[in-house]
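Trainee: Structure provided below as structure tokens; questions to follow.
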2 protein chains.
Amino acid sequence: MMHSLDQDPEDAQNPPAGPRAPAVTALSHVATLAPFASLTREEARKLLDLATVRRMDEQGAFFHEGDRADHVYLVLEGYVRIQHVTPGGDQVVVVHVGPGQIFGISKVVEHDRYSASARAASDTVALSWPGELWDQITRDYPSFVQETRRNVGLRLHELQEKVVEMATRPVEQRIALAVLRLVDQAGHATPEGVEVGFPITRQDISDLTGTTMHSVSRYMSGWHKDGIVISKRRRVVVCNPDNLRRVADGQAA
Amino acid sequence: MMHSLDQDPEDAQNPPAGPRAPAVTALSHVATLAPFASLTREEARKLLDLATVRRMDEQGAFFHEGDRADHVYLVLEGYVRIQHVTPGGDQVVVVHVGPGQIFGISKVVEHDRYSASARAASDTVALSWPGELWDQITRDYPSFVQETRRNVGLRLHELQEKVVEMATRPVEQRIALAVLRLVDQAGHATPEGVEVGFPITRQDISDLTGTTMHSVSRYMSGWHKDGIVISKRRRVVVCNPDNLRRVADGQAA
DNA sequence: CCGTGAACTTGATCTAGCGCAAATTCCCTA
DNA sequence: TAGGGAATTTGCGCTAGATCAAGTTCACGG
């Protein structure tokens with residue numbers, strides 16, 4: 001039940017309440033997230049009252065591709081993997097979503113089905129608003145919805161970058177870029193370097209870059225030897241971002 | 001100046017006005033496009049009054065990647081290629097935009113720079129609204145902006161499909177899928193089959209699928225021999241969509 | 001402390017598709 | 001009608017990276 005992510009003691013948002021208390025939804029914490037930044041204390045509280053808190057164990061699914069898009073989600077804690085499985089059984093990871101970011105955005109773009117599945121990459125806490133309330137929310141909390149749109153834009157941009165990378169970069173560079181993006185978006189500092197904030201396997205990284213587990217393993221082992229990363233089982237730490245960036249640019253020695 | 005697309009005499013929207021008359025903006029025509037569908041005649045007219053008509057020759061650029069996102073565009077006639085050029089000089093075509101569709105959507109997702117360039121794939125007529133008016137438009141013509149968001153959603157979905165394809169499909173299938181999408185989104189019927197509605201080279205198709213001109217040529221020649229497509233210089237006609245779909249699914253004989 | 005399965009590593013082939021090169025065809029203009 | 005440039009075709013060799021095939025290491029439950 002305890003995942004090693006929980007070793008990370010830096011989160012101070014849990015007041016000394018009882019265990020399992022829904023204290024993560026503490027207004028003081030949530031209000032710091034981008035989508036709430038421009039709301040008054042009072043507005044934030046009301047908007048929170050409209051939401052439901054959903055806790056999800058690692059690997060649990062918030063929704064599946066093809067489901068009716070009945071909710072919009074916001075990650076409070078943990079990370080969510082947006083992924084697609086082909087008829088042939090190939091997994092493709094589209095993007096990772098972290099604290100303060102929206103997922104299940106179909107409603108935001110006027111779609112009525114989710115076009116990918118959402119699984120918790122680590123134990124995760126998220127808020128969810130029912131789709132029926134979306135019009136009301138749009139009306140009453142425009143700055144929140146604006147942030148939501150900005151999120152969609154980021155997603156669009158990241159997806160475009162990914163298409164460009166897959167079309168133009170060799171595998172090694174794609175993997176390096178993916179790892180850099182992971183620590184950039186979900187990294188936390190450790191003594192050895194910046195660590196990806198959730199468990200991730202070689203297979204996951206290959207699903208993210210459109211290659212095979214084997215290639216990911218080979219390149220990461222190489223980088224390990226060169227002191228660029230430390231890669232344990234389901235864990236990735238980048239020790240030398242500069243060199244990794246050089247690899248990503250094809251300027252590796 | 002006359003491009004071969006103009007051979008196509010099917011467009012009836014040009015009333016017998018003088019040549020070069022801005023008659024394409026005739027309300028009766030524009031009103032049929034999806035973004036205007038839910039507006040009253042009067043609203044449509046007012047919204048049109050806020051817009052500027054821009055005509056663009058084939059290969060002309062509406063804007064470039066990195067430009068300040070100061071306008072939102074709507075294609076009236078012709079096709080626009082959204083593309084990205086890497087530092088290394090590789091072209092990647094992200095998507096094609098046709099009549100009734102929006103491009104330059106940065107404003108819609110709260111971004112302030114275009115993340116790709118927009119060039120006319122054929123001689124094109126588009127409307128453009130200045131970004132400063134966007135808030136006003138959002139307020140006064142919500143159904144228009146809603147359609148705009150739906151467009152963003154389609155783009156997002158298509159981009160995701162593309163990522164999945166590039167990650168899981170071999171080159172032949174990717175090319176087949178791209179051609180099918182082209183005739184689906186921009187095709188018009190001809191005696192021989194459905195033709196892509198704008199000039200497109202082997203190189204363009206390879207930029208669209210992340211492969212080389214050579215591979216595209218090889219596979220298309222093969223399909224030509226099998227009677228699946230007719231491919232002349234800068235022109236593609238799909239004669240047998242069913243078989244091409246079979247190729248795209250890897251079920252080719 | 002041991003057994004089991006999942007994650008990871010590493011070597012050995014094998015091939016799809018790229019890069020290079022050289023024709024050939026088509027279209028436009030002079 | 002010839003000339004020239006762009007688009008396309010096609011052959012050939014080569015290599016990045018997939019596939020196949022064992023192993024090895026690790027975490028956890030008993």
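As shown in the structure tokens, the chain order sets the letters A, B, ...; within each chain, residues go from 1, and ligands are also counted from 1 in the order they appear.
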DSSP on the backbone, then: every residue of segment 7-209 of chain A marked helix (DSSP H, G or I), written as a ChimeraX atom specification.

Mentor: /A:7,22-25,27-30,34-36,41-49,105-109,131-140,142-168,171-186,202-209

Trainee: Write out as a list in words the residues lying within 12 Å of Ile137 of chain B, counting only C-alpha atoms (C1' of nucleotides) and excluding same-chain residues fewer than 6 positions away.

Mentor: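 What passes the distance filter is Glu43, Ala44, Lys46, Leu47, Leu48, Asp49, Leu50, Ala51, Val72, Lys107, Val108, Trp129, Pro130, Gly131, Ser143, Phe144, Val145, Gln146 and Thr148 of chain B.
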
Trainee: Output as a list in words the set of chain D residues within 8 Å of chain A, with distances taken over only C-alpha atoms (C1' of nucleotides).

Mentor: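 Only these qualify: DG17, DA18 and DC26 of chain D.
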
Trainee: Emit the selected residues as an mmCIF file, in the first residue's frame, including C-alpha atoms (C1' of nucleotides).

Mentor:
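Contents of the output file out-v2.cif:
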data_model
loop_
_atom_site.group_PDB
_atom_site.id
_atom_site.type_symbol
_atom_site.label_atom_id
_atom_site.label_comp_id
_atom_site.auth_asym_id
_atom_site.auth_seq_id
_atom_site.Cartn_x
_atom_site.Cartn_y
_atom_site.Cartn_z
ATOM 1 C "C1'" DG D 17 17.012 -0.509 -34.173
ATOM 2 C "C1'" DA D 18 13.641 -4.339 -33.778
ATOM 3 C "C1'" DC D 26 15.545 -7.102 -7.230
#

Trainee: Name the residues in contact with DG23 of chain D at a cut-off of 12 Å, using only C-alpha atoms (C1' of nucleotides), excluding same-chain residues fewer than 4 positions from it; report them as an mmCIF file with N, CA and C atoms (P, O5', C5', C4', C3', O3' and C1' of nucleotides), in the first residue's frame.

Mentor:
data_model
loop_
_atom_site.group_PDB
_atom_site.id
_atom_site.type_symbol
_atom_site.label_atom_id
_atom_site.label_comp_id
_atom_site.auth_asym_id
_atom_site.auth_seq_id
_atom_site.Cartn_x
_atom_site.Cartn_y
_atom_site.Cartn_z
ATOM 1 P P DC C 8 12.351 -1.536 -14.753
ATOM 2 O "O5'" DC C 8 13.725 -2.232 -15.170
ATOM 3 C "C5'" DC C 8 14.670 -2.531 -14.167
ATOM 4 C "C4'" DC C 8 15.750 -3.397 -14.759
ATOM 5 C "C3'" DC C 8 16.437 -2.842 -16.009
ATOM 6 O "O3'" DC C 8 17.744 -2.444 -15.642
ATOM 7 C "C1'" DC C 8 16.100 -5.200 -16.105
ATOM 8 P P DT C 9 18.727 -1.841 -16.758
ATOM 9 O "O5'" DT C 9 19.456 -3.165 -17.265
ATOM 10 C "C5'" DT C 9 20.245 -3.905 -16.353
ATOM 11 C "C4'" DT C 9 20.949 -5.012 -17.096
ATOM 12 C "C3'" DT C 9 21.770 -4.571 -18.308
ATOM 13 O "O3'" DT C 9 23.084 -5.064 -18.118
ATOM 14 C "C1'" DT C 9 20.377 -6.408 -18.855
ATOM 15 P P DT C 10 24.312 -4.423 -18.897
ATOM 16 O "O5'" DT C 10 24.734 -5.595 -19.865
ATOM 17 C "C5'" DT C 10 24.327 -6.925 -19.567
ATOM 18 C "C4'" DT C 10 24.330 -7.755 -20.815
ATOM 19 C "C3'" DT C 10 24.995 -7.122 -22.037
ATOM 20 O "O3'" DT C 10 26.034 -7.999 -22.438
ATOM 21 C "C1'" DT C 10 22.922 -8.095 -22.608
ATOM 22 P P DG C 11 27.042 -7.545 -23.620
ATOM 23 O "O5'" DG C 11 26.711 -8.691 -24.686
ATOM 24 C "C5'" DG C 11 26.795 -10.050 -24.287
ATOM 25 C "C4'" DG C 11 26.110 -10.929 -25.305
ATOM 26 C "C3'" DG C 11 26.580 -10.707 -26.742
ATOM 27 O "O3'" DG C 11 26.971 -11.973 -27.288
ATOM 28 C "C1'" DG C 11 24.212 -10.689 -26.611
#

Trainee: When you get a sec, could you note down which chain A residues fall within 10 Å of chain B, using only C-alpha atoms, as a PyMOL selection string?

Mentor: chain A and resi 83-86+88-95+105-111+114-116+146-157+159-169+206-211

Trainee: Those same residues, written as a short mmCIF file (atom, residue, chain, number, x, y, z; two decimals), in the first residue's frame with N, CA and C atoms?

Mentor:
data_model
loop_
_atom_site.label_atom_id
_atom_site.label_comp_id
_atom_site.auth_asym_id
_atom_site.auth_seq_id
_atom_site.Cartn_x
_atom_site.Cartn_y
_atom_site.Cartn_z
N GLN A 83 -2.98 7.47 -21.58
CA GLN A 83 -2.43 6.48 -22.50
C GLN A 83 -3.50 5.89 -23.41
N HIS A 84 -3.00 5.27 -24.44
CA HIS A 84 -3.86 4.67 -25.45
C HIS A 84 -3.35 3.27 -25.74
N VAL A 85 -4.25 2.34 -25.89
CA VAL A 85 -3.86 0.98 -26.25
C VAL A 85 -4.42 0.68 -27.63
N THR A 86 -3.55 0.25 -28.54
CA THR A 86 -4.00 -0.04 -29.91
C THR A 86 -4.71 -1.38 -29.94
N GLY A 88 -3.93 -3.77 -31.59
CA GLY A 88 -2.90 -4.79 -31.55
C GLY A 88 -2.27 -4.98 -30.18
N GLY A 89 -2.68 -4.16 -29.20
CA GLY A 89 -2.18 -4.34 -27.85
C GLY A 89 -0.98 -3.47 -27.50
N ASP A 90 -0.53 -2.64 -28.43
CA ASP A 90 0.58 -1.75 -28.12
C ASP A 90 0.12 -0.60 -27.24
N GLN A 91 0.90 -0.37 -26.19
CA GLN A 91 0.61 0.77 -25.32
C GLN A 91 1.33 2.00 -25.84
N VAL A 92 0.64 3.13 -25.83
CA VAL A 92 1.30 4.39 -26.13
C VAL A 92 0.95 5.37 -25.03
N VAL A 93 1.97 5.89 -24.39
CA VAL A 93 1.73 6.90 -23.35
C VAL A 93 1.74 8.27 -24.01
N VAL A 94 0.63 8.96 -23.88
CA VAL A 94 0.51 10.24 -24.57
C VAL A 94 1.17 11.36 -23.76
N VAL A 95 0.92 11.36 -22.45
CA VAL A 95 1.43 12.46 -21.63
C VAL A 95 1.27 12.11 -20.15
N ILE A 105 -9.98 16.32 -20.43
CA ILE A 105 -10.31 17.64 -20.96
C ILE A 105 -11.32 17.62 -22.08
N SER A 106 -11.88 16.45 -22.37
CA SER A 106 -12.81 16.37 -23.49
C SER A 106 -13.91 17.43 -23.39
N LYS A 107 -14.42 17.58 -22.19
CA LYS A 107 -15.50 18.56 -21.98
C LYS A 107 -15.04 19.97 -22.38
N VAL A 108 -13.80 20.27 -22.11
CA VAL A 108 -13.27 21.60 -22.40
C VAL A 108 -13.25 21.87 -23.90
N VAL A 109 -13.09 20.80 -24.68
CA VAL A 109 -13.03 20.98 -26.13
C VAL A 109 -14.28 20.42 -26.80
N GLU A 110 -15.36 20.37 -26.04
CA GLU A 110 -16.66 20.03 -26.62
C GLU A 110 -16.71 18.63 -27.23
N HIS A 111 -15.97 17.71 -26.62
CA HIS A 111 -16.06 16.32 -27.06
C HIS A 111 -16.86 15.55 -26.02
N TYR A 114 -13.99 10.35 -23.96
CA TYR A 114 -12.55 10.46 -23.72
C TYR A 114 -11.81 9.76 -24.86
N SER A 115 -10.74 10.35 -25.32
CA SER A 115 -10.02 9.75 -26.44
C SER A 115 -8.80 8.98 -25.97
N ALA A 116 -8.62 8.86 -24.66
CA ALA A 116 -7.53 8.08 -24.11
C ALA A 116 -7.90 7.71 -22.67
N GLN A 146 -10.11 29.56 -17.85
CA GLN A 146 -9.02 30.07 -18.69
C GLN A 146 -7.76 29.25 -18.46
N GLU A 147 -7.49 28.97 -17.21
CA GLU A 147 -6.31 28.15 -16.89
C GLU A 147 -6.45 26.76 -17.49
N THR A 148 -7.67 26.28 -17.48
CA THR A 148 -8.00 25.00 -18.09
C THR A 148 -7.66 25.02 -19.58
N ARG A 149 -8.01 26.10 -20.25
CA ARG A 149 -7.70 26.21 -21.68
C ARG A 149 -6.20 26.29 -21.90
N ARG A 150 -5.52 27.01 -21.01
CA ARG A 150 -4.07 27.10 -21.12
C ARG A 150 -3.47 25.69 -21.04
N ASN A 151 -4.04 24.89 -20.17
CA ASN A 151 -3.62 23.50 -20.03
C ASN A 151 -3.80 22.73 -21.33
N VAL A 152 -4.94 22.93 -21.96
CA VAL A 152 -5.19 22.28 -23.24
C VAL A 152 -4.14 22.71 -24.25
N GLY A 153 -3.82 23.99 -24.21
CA GLY A 153 -2.81 24.50 -25.12
C GLY A 153 -1.46 23.86 -24.90
N LEU A 154 -1.08 23.70 -23.64
CA LEU A 154 0.19 23.05 -23.33
C LEU A 154 0.20 21.63 -23.86
N ARG A 155 -0.92 20.96 -23.68
CA ARG A 155 -1.04 19.58 -24.14
C ARG A 155 -0.86 19.53 -25.65
N LEU A 156 -1.55 20.45 -26.33
CA LEU A 156 -1.47 20.52 -27.79
C LEU A 156 -0.02 20.75 -28.21
N HIS A 157 0.62 21.64 -27.53
CA HIS A 157 1.99 21.99 -27.87
C HIS A 157 2.92 20.81 -27.63
N LEU A 159 2.14 17.68 -27.56
CA LEU A 159 1.83 16.64 -28.53
C LEU A 159 2.49 16.96 -29.87
N GLN A 160 2.46 18.23 -30.24
CA GLN A 160 3.09 18.62 -31.50
C GLN A 160 4.60 18.38 -31.43
N GLU A 161 5.20 18.77 -30.33
CA GLU A 161 6.63 18.52 -30.15
C GLU A 161 6.95 17.04 -30.30
N LYS A 162 6.07 16.24 -29.75
CA LYS A 162 6.28 14.81 -29.79
C LYS A 162 6.23 14.28 -31.22
N VAL A 163 5.27 14.75 -31.97
CA VAL A 163 5.17 14.35 -33.37
C VAL A 163 6.44 14.75 -34.11
N VAL A 164 6.90 15.96 -33.86
CA VAL A 164 8.11 16.43 -34.52
C VAL A 164 9.30 15.56 -34.13
N GLU A 165 9.42 15.26 -32.86
CA GLU A 165 10.53 14.42 -32.40
C GLU A 165 10.49 13.04 -33.02
N MET A 166 9.30 12.46 -33.03
CA MET A 166 9.19 11.10 -33.56
C MET A 166 9.50 11.08 -35.06
N ALA A 167 9.24 12.21 -35.71
CA ALA A 167 9.47 12.25 -37.15
C ALA A 167 10.94 12.53 -37.48
N THR A 168 11.66 13.16 -36.56
CA THR A 168 12.98 13.64 -36.95
C THR A 168 14.15 13.12 -36.10
N ARG A 169 13.86 12.63 -34.87
CA ARG A 169 14.97 12.25 -34.00
C ARG A 169 15.18 10.75 -33.95
N SER A 206 9.59 3.33 -23.01
CA SER A 206 9.52 2.97 -24.43
C SER A 206 8.12 3.25 -24.99
N ASP A 207 7.09 3.06 -24.17
CA ASP A 207 5.74 3.39 -24.61
C ASP A 207 5.59 4.88 -24.85
N LEU A 208 6.45 5.62 -24.17
CA LEU A 208 6.40 7.08 -24.26
C LEU A 208 7.16 7.59 -25.48
N THR A 209 8.09 6.78 -25.96
CA THR A 209 8.96 7.25 -27.04
C THR A 209 8.78 6.47 -28.33
N GLY A 210 7.88 5.48 -28.30
CA GLY A 210 7.66 4.71 -29.50
C GLY A 210 8.84 3.84 -29.87
N THR A 211 9.42 3.19 -28.87
CA THR A 211 10.52 2.28 -29.15
C THR A 211 10.33 1.03 -28.29
#

Trainee: I need the contact residues of chain C against chain B, so if you could list those with any atom within 8 Å, counting only C-alpha atoms (C1' of nucleotides), and return them as number ranges by chain, that would help.

Mentor: C: 17-18, 26

Trainee: Since we have the selection now, will you write its residues out, keeping N, CA and C atoms (P, O5', C5', C4', C3', O3' and C1' of nucleotides), as a PDB file, in the first residue's frame?

Mentor:
ATOM      1  P    DG C  17       9.080  -0.171 -42.584  1.00  0.00           P
ATOM      2  O5'  DG C  17      10.194   0.882 -42.978  1.00  0.00           O
ATOM      3  C5'  DG C  17      11.051   1.347 -41.962  1.00  0.00           C
ATOM      4  C4'  DG C  17      12.249   2.029 -42.561  1.00  0.00           C
ATOM      5  C3'  DG C  17      11.939   3.013 -43.700  1.00  0.00           C
ATOM      6  O3'  DG C  17      12.761   4.121 -43.481  1.00  0.00           O
ATOM      7  C1'  DG C  17      13.621   1.587 -44.359  1.00  0.00           C
ATOM      8  P    DC C  18      12.365   5.590 -43.896  1.00  0.00           P
ATOM      9  O5'  DC C  18      13.772   6.315 -43.756  1.00  0.00           O
ATOM     10  C5'  DC C  18      14.588   6.044 -42.619  1.00  0.00           C
ATOM     11  C4'  DC C  18      16.063   6.120 -42.998  1.00  0.00           C
ATOM     12  C3'  DC C  18      16.402   7.304 -43.897  1.00  0.00           C
ATOM     13  O3'  DC C  18      17.501   8.017 -43.363  1.00  0.00           O
ATOM     14  C1'  DC C  18      17.167   5.271 -44.885  1.00  0.00           C
ATOM     15  P    DC C  26       5.369  11.518 -68.111  1.00  0.00           P
ATOM     16  O5'  DC C  26       5.108  12.982 -67.562  1.00  0.00           O
ATOM     17  C5'  DC C  26       4.935  13.179 -66.163  1.00  0.00           C
ATOM     18  C4'  DC C  26       5.220  14.627 -65.842  1.00  0.00           C
ATOM     19  C3'  DC C  26       4.436  15.607 -66.724  1.00  0.00           C
ATOM     20  O3'  DC C  26       3.534  16.310 -65.884  1.00  0.00           O
ATOM     21  C1'  DC C  26       6.727  16.254 -66.433  1.00  0.00           C
TER      22       DC C  26
END

Trainee: Near Thr32 of chain B, counting only C-alpha atoms (C1' of nucleotides), which residues have an atom at most 12 Å away, once you skip same-chain residues fewer than 6 positions from it, shown as a VMD selection string?

Mentor: chain B and resid 13 25 to 26 38 to 41 44 76 99 to 100

Trainee: Kindly export the residues of the current selection with N, CA and C atoms, as a PDB file, in the first residue's frame.

Mentor:
ATOM      1  N   GLN B  13     -19.992  29.395 -55.606  1.00  0.00           N
ATOM      2  CA  GLN B  13     -20.271  30.500 -54.701  1.00  0.00           C
ATOM      3  C   GLN B  13     -19.902  31.856 -55.265  1.00  0.00           C
ATOM      4  N   THR B  25     -16.859  36.181 -49.736  1.00  0.00           N
ATOM      5  CA  THR B  25     -17.320  36.425 -48.381  1.00  0.00           C
ATOM      6  C   THR B  25     -18.835  36.580 -48.318  1.00  0.00           C
ATOM      7  N   ALA B  26     -19.474  36.283 -49.443  1.00  0.00           N
ATOM      8  CA  ALA B  26     -20.928  36.395 -49.480  1.00  0.00           C
ATOM      9  C   ALA B  26     -21.520  35.692 -48.270  1.00  0.00           C
ATOM     10  N   SER B  38     -24.871  28.213 -35.966  1.00  0.00           N
ATOM     11  CA  SER B  38     -25.852  28.523 -34.918  1.00  0.00           C
ATOM     12  C   SER B  38     -26.080  30.018 -34.720  1.00  0.00           C
ATOM     13  N   LEU B  39     -25.507  30.810 -35.621  1.00  0.00           N
ATOM     14  CA  LEU B  39     -25.708  32.248 -35.486  1.00  0.00           C
ATOM     15  C   LEU B  39     -26.877  32.706 -36.346  1.00  0.00           C
ATOM     16  N   THR B  40     -27.533  33.750 -35.913  1.00  0.00           N
ATOM     17  CA  THR B  40     -28.562  34.340 -36.764  1.00  0.00           C
ATOM     18  C   THR B  40     -27.863  35.046 -37.910  1.00  0.00           C
ATOM     19  N   ARG B  41     -28.609  35.270 -38.941  1.00  0.00           N
ATOM     20  CA  ARG B  41     -28.120  36.028 -40.092  1.00  0.00           C
ATOM     21  C   ARG B  41     -27.436  37.324 -39.653  1.00  0.00           C
ATOM     22  N   ALA B  44     -24.181  36.743 -37.758  1.00  0.00           N
ATOM     23  CA  ALA B  44     -23.149  36.338 -38.705  1.00  0.00           C
ATOM     24  C   ALA B  44     -22.598  37.562 -39.440  1.00  0.00           C
ATOM     25  N   LEU B  76     -11.871  29.879 -45.633  1.00  0.00           N
ATOM     26  CA  LEU B  76     -13.102  29.922 -46.427  1.00  0.00           C
ATOM     27  C   LEU B  76     -12.965  29.002 -47.635  1.00  0.00           C
ATOM     28  N   PRO B  99     -11.720  24.313 -45.520  1.00  0.00           N
ATOM     29  CA  PRO B  99     -12.832  25.252 -45.402  1.00  0.00           C
ATOM     30  C   PRO B  99     -13.685  24.993 -44.159  1.00  0.00           C
ATOM     31  N   GLY B 100     -13.996  26.060 -43.457  1.00  0.00           N
ATOM     32  CA  GLY B 100     -14.830  25.946 -42.269  1.00  0.00           C
ATOM     33  C   GLY B 100     -14.050  25.662 -41.009  1.00  0.00           C
TER      34      GLY B 100
END

Trainee: Tell me which protein, DNA and RNA residues are within 12 Å of DC2 of chain C, counting only C-alpha atoms (C1' of nucleotides), leaving out same-chain ones fewer than 4 positions away, and put them as a list of chain:residue names.

Mentor: D:DC28, D:DG29, D:DG30

Trainee: Check the DSSP output for the backbone and give back, as a PyMOL selection string, the residues of segment 33-132 of chain B in strand (DSSP E or B).

Mentor: chain B and resi 52-56+61-63+68+71-77+80-85+91-97+102-103+113+117-120+124-130

Trainee: Between atom C1' of DT4 of chain C and atom CA of Thr201 of chain A, measure the distance and give it in Å to one decimal.

Mentor: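 Between atom C1' of DT4 of chain C and atom CA of Thr201 of chain A the gap is 19.8 Å.
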
Trainee: Pick out the residues sitting within 12 Å of DA21 of chain C, and hand them over as a list of chain:residue names; count only C-alpha atoms (C1' of nucleotides), and ignore anything fewer than 4 positions along from it in its own chain.

Mentor: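 Counting only the stated atoms, we get D:DT10, D:DG11, D:DC12, D:DG13.
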
Trainee: At a cut-off of 10 Å, using only C-alpha atoms (C1' of nucleotides), what residues contact segment 194-199 of chain A? Leave out same-chain residues fewer than 4 positions from it and give the result as a CSV table (one decimal) with C-alpha atoms, in the first residue's frame.

Mentor:
chain,number,residue,atom,x,y,z
A,3,HIS,CA,4.7,3.2,-2.3
A,4,SER,CA,8.2,4.3,-2.2
A,5,LEU,CA,7.2,7.7,-3.5
A,6,ASP,CA,5.9,8.4,0.0
A,8,ASP,CA,9.4,12.0,0.1
A,58,GLU,CA,-1.0,3.3,-8.5
A,78,GLY,CA,0.6,12.3,-7.6
A,79,TYR,CA,0.8,11.7,-11.3
A,80,VAL,CA,-1.6,10.5,-14.0
A,98,GLY,CA,0.9,16.3,-12.4
A,120,ALA,CA,-2.5,6.7,-11.8
A,121,ALA,CA,1.2,6.5,-12.3
A,122,SER,CA,1.6,6.7,-8.5
A,123,ASP,CA,-0.9,6.9,-5.7
A,179,VAL,CA,13.6,11.7,-19.6
A,180,LEU,CA,14.4,15.4,-19.6
A,181,ARG,CA,10.8,16.2,-19.9
A,182,LEU,CA,9.9,13.8,-17.1
A,183,VAL,CA,12.3,15.4,-14.6
A,184,ASP,CA,11.3,18.8,-15.8
A,185,GLN,CA,7.7,18.2,-15.3
A,186,ALA,CA,7.7,15.8,-12.4
A,187,GLY,CA,11.2,15.9,-10.9
A,188,HIS,CA,12.2,16.5,-7.3
A,189,ALA,CA,15.6,17.2,-6.0
A,190,THR,CA,17.6,14.4,-4.3
A,204,ASP,CA,6.8,2.8,-19.7
A,229,VAL,CA,21.8,9.1,-14.8
A,230,ILE,CA,21.2,6.7,-12.0
A,231,SER,CA,18.6,4.1,-13.0
A,233,ARG,CA,14.4,-0.5,-10.8
A,234,ARG,CA,11.4,1.7,-11.6
A,235,ARG,CA,13.3,4.8,-10.7
A,236,VAL,CA,15.2,7.3,-12.7
A,237,VAL,CA,17.5,10.0,-11.4
A,238,VAL,CA,19.2,12.5,-13.7
A,239,CYS,CA,22.6,13.5,-12.3
A,240,ASN,CA,23.9,15.4,-15.2
A,241,PRO,CA,21.2,17.3,-17.1

Trainee: One decimal, Å: what's the distance from atom CA of Val30 of chain A over to atom CA of His96 of chain A, could you say?

Mentor: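 Atom CA of His96 of chain A lies at a distance of 19.9 Å from atom CA of Val30 of chain A.
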
Trainee: I'd like the interatomic distance between atom CA of Ser128 of chain B and atom CA of Ala178 of chain B, to a tenth of an Å.

Mentor: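 That distance, rounded to one decimal, is 28.1 Å.
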
Trainee: Restricting the calculation to only C-alpha atoms (C1' of nucleotides): of D:DT9, D:DT24, D:DT1, D:DT19, which residue gets closest to DA12 of chain C?

Mentor: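 The answer is D:DT19, which sits nearest to DA12 of chain C.
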